[in-house]
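Visitor: I have a structure I would like to understand better, so I am pasting it below and will then ask my questions one at a time.
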Amino acid sequence: MTEIVSQYGFLFLALACLFGFFMAYGVGANDVANAMGTSVGARAITIKQAILIAMVFEFLGAWLAGGEVTSTIRSGIIDVEAAGFEERPELLIFGMLSSLLAAGIWLLIASQLGWPVSTTHSIIGAIVGFAVVGISADSVVWGQIVSIVASWVVSPVFSGTIAFFLFMTVQKLVLSTDDPFVNAKKYVPYYIFLVGFVIAMVTLVKGLSHVGLEITYLQSALISILVGLATMAVGIFLLRQIKENPGANREDRFRSVERVFGVLMIFTACSMAFAHGSNDVANAIGPLAAINGVVQSGGVLDAESPLPTWVLLLGGAGIVAGLATLGYKVIATIGRNITELTPSRGFAAELAAATTVVIASGTGIPVSTTHTLVGAVLGVGMARGIAALNVRVVGKIFLSWVVTLPIGAALSIIFFFLLSAIFN
Amino acid sequence: MTNPIGALFGRSPIRPIESHMDKAHGSVQQLGEFLQVAISGDWSKAAAAHDLIVQAEQDADEMKRDIRSHLPNSLFLPFSRSDLLELLRLQDRLPNLCRDVSHLLLTRQTKIPKPLSQPLQNYFSCNLEASAEAHTVIHELDELLETGFRGKEAELVQRLVQQMDATERACEEKENVLRKALYQLEGEVSPVDIIYLDKLIEGLGRIMATSHRIGGQLLLLISS
């Protein structure tokens, strides 16, 4: 039945682009705001700067470190042989189109209802749904699904743990010392180094092979140290402009200290956008890449074909469009709501979340950046860093998983049968 | 709030607790003004001063209710919720006690005998000092939060609370002086006056004790 592919190939590809763009738009409007809102809330950067940082680093993240997650979504969840896609490649196209549409529509409905739904969970639910009902339960690589679902629990706990210890070091080295300002100036450059180093290291070790770079572990470490030092140099330059308010009382002194951490938070905001790009862009472009692969090859399945740059660009463009039209409003709302999060805490949460997400990206596991960040903030709270946290949100997040997976699946099953009926 | 990151952050009770303490300490200051005019025997001015205290007491009550209604059980705080509520309860006792004292003197228009005027003022300024110290330590809560309730800042608050012990001892001495002066008046002023003045001293003593307990409660909050 490959003639369906050759006959309607262009139409399928156009639809995939449309739906993929729609999905990326949703990611940009909602998800990115979660990633950037903390920095804006902590007054480390303005909304305009946040959008600019997001545009650059979302794209860099997707391009440099997004390959693994994209290939997981594209070809890691469904077993091509067991699903019989070699004989009927159009089923993969229908399925991926349905998944994009289902996830996109569900995100739209959920955000209207105000539910904290994750794009990652929507798309995974949708793909598993069409595969189980439309094809067969055997076609799903259940081992992969189990590790993905496990990572949804592990990633917030992991980032929470990192954030806890990171904030403890800040307390020990800076906040609880005799002269917090001097110590902030002394230690913040090392934290900035850590941001550059960790992100570069994880990216180099785990993710860069798809760009065509083959480097050894030692080379990666050396390059990462260089990246860390370069980041640190930029940071030291920026820090030189931060002066302590003269003759101020203790309250004002802590305000000066937070200004130092504000510089650090510019860097963690970049790492957050990078991490988000490396993981969540795949939700939109993974299915698109799968469809493109089938159409371009005329029905021959080749999971190893490289990800074309235009697919990535389309995903990036969708995110930027979503961010520029709706996302900035969400950022502003979040920024207003989280005034309690000062830079000395915000950076710890962001660095912990970004590290966790980039590690997941390198391993090819789609996680939710938002949920990981929630875990990180709770970690800072455990270290007595935040005045009041609504733990009820955690329950809501769990509930949203329970609802999102079946609904994403149901919607994609409906669309799958609709598409199959139309084109057969 | 629909967004998980935005919804995660609850309203911090720290500023409201500090404002409530401002109000509570303010009522003690107003009691000082009330005593001034009561000593001079100007009961119409005293009535006006009493009204201010009643107003402050009502305002503090309002603030207390507002803080409580924004502290649901599900809120994750850097200290125990019940310790915070106990602190709030203690703070809220200050305006109540002030109102009781001014009410006691005003309704009966109990005259304060001349020989008592100076010892009473001395004793009250000591009470005011204790309340001011409690006010100061409560205003350390921002800085305590900033430093994660440990290190230098926590040590500083510990020292401040220890200083409150010294104030308490100084107050006790002044209370003894005042009581002796009162008992020397036995026979000169009516026994009912003596009883009411004794109640006045008792009321002021409660203000002192409450201020002191606020400091202790804050330490409990820090160590939780």
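Just remember, in the structure tokens the first chain shown is A, the second B, etc., residues are 1-based per chain, and ligands are 1-based in the order shown.
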Find the residues of chain A in contact range of chain B, meaning any atom within 9 Å when counting only C-alpha atoms, and list them as a PyMOL selection string.

Guide: chain A and resi 30+34-35+37-38+111+113-117+168+171-172+174-178+250-251+254+330+333-342+344+370-371+373-374+377-378+381-394+396-397

Visitor: List the neighbours of region 23-35 of chain B out to 8 Å using only C-alpha atoms; skip same-chain residues closer than 6 positions along the sequence, and give me the result as a PyMOL selection string.

Guide: chain B and resi 46+49-50+52-53+56-57+59-60+91-92+94-95+98-99+102+124-125+128+131-132+135

Visitor: Do a neighbour search on Arg259 (chain A) at 10 Å with only C-alpha atoms, toss out local chain neighbours closer than 3 positions, and write the hits as a PyMOL selection string.

Guide: chain A and resi 43-44+181+184+239+242-244+253-256+262-265+342-344

Visitor: Please save N, CA, C and O atoms of the selected residues as an mmCIF file, in the first residue's frame.

Guide:
```cif
data_model
loop_
_atom_site.group_PDB
_atom_site.id
_atom_site.type_symbol
_atom_site.label_atom_id
_atom_site.label_comp_id
_atom_site.auth_asym_id
_atom_site.auth_seq_id
_atom_site.Cartn_x
_atom_site.Cartn_y
_atom_site.Cartn_z
ATOM 1 N N ARG A 43 13.053 38.722 39.119
ATOM 2 C CA ARG A 43 13.531 40.030 38.651
ATOM 3 C C ARG A 43 14.977 39.994 38.155
ATOM 4 O O ARG A 43 15.669 41.008 38.185
ATOM 5 N N ALA A 44 15.440 38.799 37.737
ATOM 6 C CA ALA A 44 16.809 38.716 37.230
ATOM 7 C C ALA A 44 16.863 39.228 35.800
ATOM 8 O O ALA A 44 17.845 39.834 35.377
ATOM 9 N N PHE A 181 27.789 39.663 51.088
ATOM 10 C CA PHE A 181 28.020 40.300 49.789
ATOM 11 C C PHE A 181 29.376 39.913 49.216
ATOM 12 O O PHE A 181 29.486 39.494 48.066
ATOM 13 N N ALA A 184 29.322 36.368 48.203
ATOM 14 C CA ALA A 184 28.530 36.164 46.983
ATOM 15 C C ALA A 184 29.396 36.465 45.768
ATOM 16 O O ALA A 184 29.458 35.700 44.809
ATOM 17 N N LEU A 239 29.550 40.790 36.717
ATOM 18 C CA LEU A 239 29.541 40.974 38.174
ATOM 19 C C LEU A 239 30.279 42.242 38.596
ATOM 20 O O LEU A 239 29.998 42.804 39.650
ATOM 21 N N ILE A 242 28.189 45.105 39.635
ATOM 22 C CA ILE A 242 27.341 45.046 40.829
ATOM 23 C C ILE A 242 28.113 45.590 42.026
ATOM 24 O O ILE A 242 29.118 45.027 42.428
ATOM 25 N N LYS A 243 27.621 46.710 42.555
ATOM 26 C CA LYS A 243 28.270 47.303 43.730
ATOM 27 C C LYS A 243 27.305 47.227 44.908
ATOM 28 O O LYS A 243 26.094 47.308 44.742
ATOM 29 N N GLU A 244 27.889 47.108 46.098
ATOM 30 C CA GLU A 244 27.046 47.059 47.290
ATOM 31 C C GLU A 244 26.514 48.453 47.604
ATOM 32 O O GLU A 244 27.233 49.441 47.487
ATOM 33 N N ARG A 253 21.443 45.110 52.612
ATOM 34 C CA ARG A 253 22.626 44.327 52.263
ATOM 35 C C ARG A 253 22.231 43.039 51.564
ATOM 36 O O ARG A 253 22.813 42.648 50.562
ATOM 37 N N PHE A 254 21.192 42.367 52.093
ATOM 38 C CA PHE A 254 20.753 41.140 51.449
ATOM 39 C C PHE A 254 20.208 41.425 50.057
ATOM 40 O O PHE A 254 20.302 40.596 49.164
ATOM 41 N N ARG A 255 19.652 42.617 49.892
ATOM 42 C CA ARG A 255 19.176 42.978 48.563
ATOM 43 C C ARG A 255 20.356 43.073 47.596
ATOM 44 O O ARG A 255 20.268 42.642 46.449
ATOM 45 N N SER A 256 21.467 43.618 48.067
ATOM 46 C CA SER A 256 22.672 43.673 47.230
ATOM 47 C C SER A 256 23.152 42.266 46.899
ATOM 48 O O SER A 256 23.568 41.988 45.776
ATOM 49 N N GLY A 262 21.398 37.587 40.966
ATOM 50 C CA GLY A 262 20.626 37.918 39.765
ATOM 51 C C GLY A 262 21.454 37.702 38.504
ATOM 52 O O GLY A 262 20.950 37.232 37.482
ATOM 53 N N VAL A 263 22.749 38.034 38.584
ATOM 54 C CA VAL A 263 23.645 37.807 37.440
ATOM 55 C C VAL A 263 23.728 36.309 37.142
ATOM 56 O O VAL A 263 23.623 35.871 35.996
ATOM 57 N N LEU A 264 23.875 35.535 38.200
ATOM 58 C CA LEU A 264 23.935 34.077 38.044
ATOM 59 C C LEU A 264 22.671 33.550 37.370
ATOM 60 O O LEU A 264 22.699 32.636 36.549
ATOM 61 N N MET A 265 21.563 34.176 37.716
ATOM 62 C CA MET A 265 20.295 33.688 37.192
ATOM 63 C C MET A 265 20.107 33.955 35.698
ATOM 64 O O MET A 265 19.329 33.274 35.039
ATOM 65 N N THR A 342 13.542 34.515 45.286
ATOM 66 C CA THR A 342 14.646 35.436 45.029
ATOM 67 C C THR A 342 15.729 34.715 44.226
ATOM 68 O O THR A 342 15.760 33.488 44.188
ATOM 69 N N PRO A 343 16.630 35.474 43.565
ATOM 70 C CA PRO A 343 17.643 34.840 42.707
ATOM 71 C C PRO A 343 18.487 33.775 43.401
ATOM 72 O O PRO A 343 18.853 32.790 42.761
ATOM 73 N N SER A 344 18.785 33.947 44.699
ATOM 74 C CA SER A 344 19.630 32.949 45.361
ATOM 75 C C SER A 344 18.943 31.592 45.426
ATOM 76 O O SER A 344 19.591 30.563 45.527
#
```

Visitor: Taking only C-alpha atoms into account, name the residue in A:Ala376, A:Ile53, A:Val311, A:Ala409 that is nearest to Phe347 (chain A).

Guide: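 Distance minimum relative to Phe347 (chain A) lands on A:Ala376.
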
Visitor: Would you return as a PyMOL selection string the members of region 9-142 of chain A that DSSP assigns to alpha helix (DSSP H) on this structure's backbone?

Guide: chain A and resi 9-26+32-41+47-65+67-71+80-83+89-113+119-129+142

Visitor: Residues at most 12 Å from Gln121 (chain B), counting only C-alpha atoms, excluding those fewer than 5 positions away in the same chain, as a list in words?

Guide: Leu31, Gly32, Glu33, Phe34, Leu35, Gln36, Val37, Ala38, Ile39, Ile112, Lys114, Pro115, Leu116, Cys126, Asn127, Leu128, Cys171, Lys174, Glu175, Val177, Leu178, Ile201 and Leu204 of chain B

Visitor: Just checking: using only C-alpha atoms, which residue out of A:Leu323, A:Ala410, A:Leu107, A:Val358 ends up closest to Ser271 (chain A)?

Guide: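 Once distances to Ser271 (chain A) are computed over only C-alpha atoms, the minimum belongs to A:Val358.
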
Visitor: A:Gly28, A:Gly235, A:Gly134, A:Gly362: which is nearest Leu92 (chain A), counting only C-alpha atoms?

Guide: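 When distances to Leu92 (chain A) are compared using only C-alpha atoms, the smallest one comes from A:Gly134.
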
Visitor: What's the 12 Å shell around Gly277 (chain A), counting only C-alpha atoms, without same-chain residues fewer than 2 positions away, as a VMD selection string?

Guide: chain A and resid 24 27 to 28 31 to 32 35 to 36 53 to 67 69 to 70 270 to 275 279 to 285 312 to 313 315 to 316 319 to 320 354 357 to 358 361 366 to 369

Visitor: Which distance in Å separates CA of Gly215 (chain B) and CA of Phe167 (chain A), to one decimal?

Guide: 27.7 Å

Visitor: Which is closest to Leu90 (chain B) among B:Lys64, B:Ser19, B:Gln158, B:Trp43, if we use only C-alpha atoms?

Guide: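 The shortest atom-to-atom distance to Leu90 (chain B) comes from B:Lys64.
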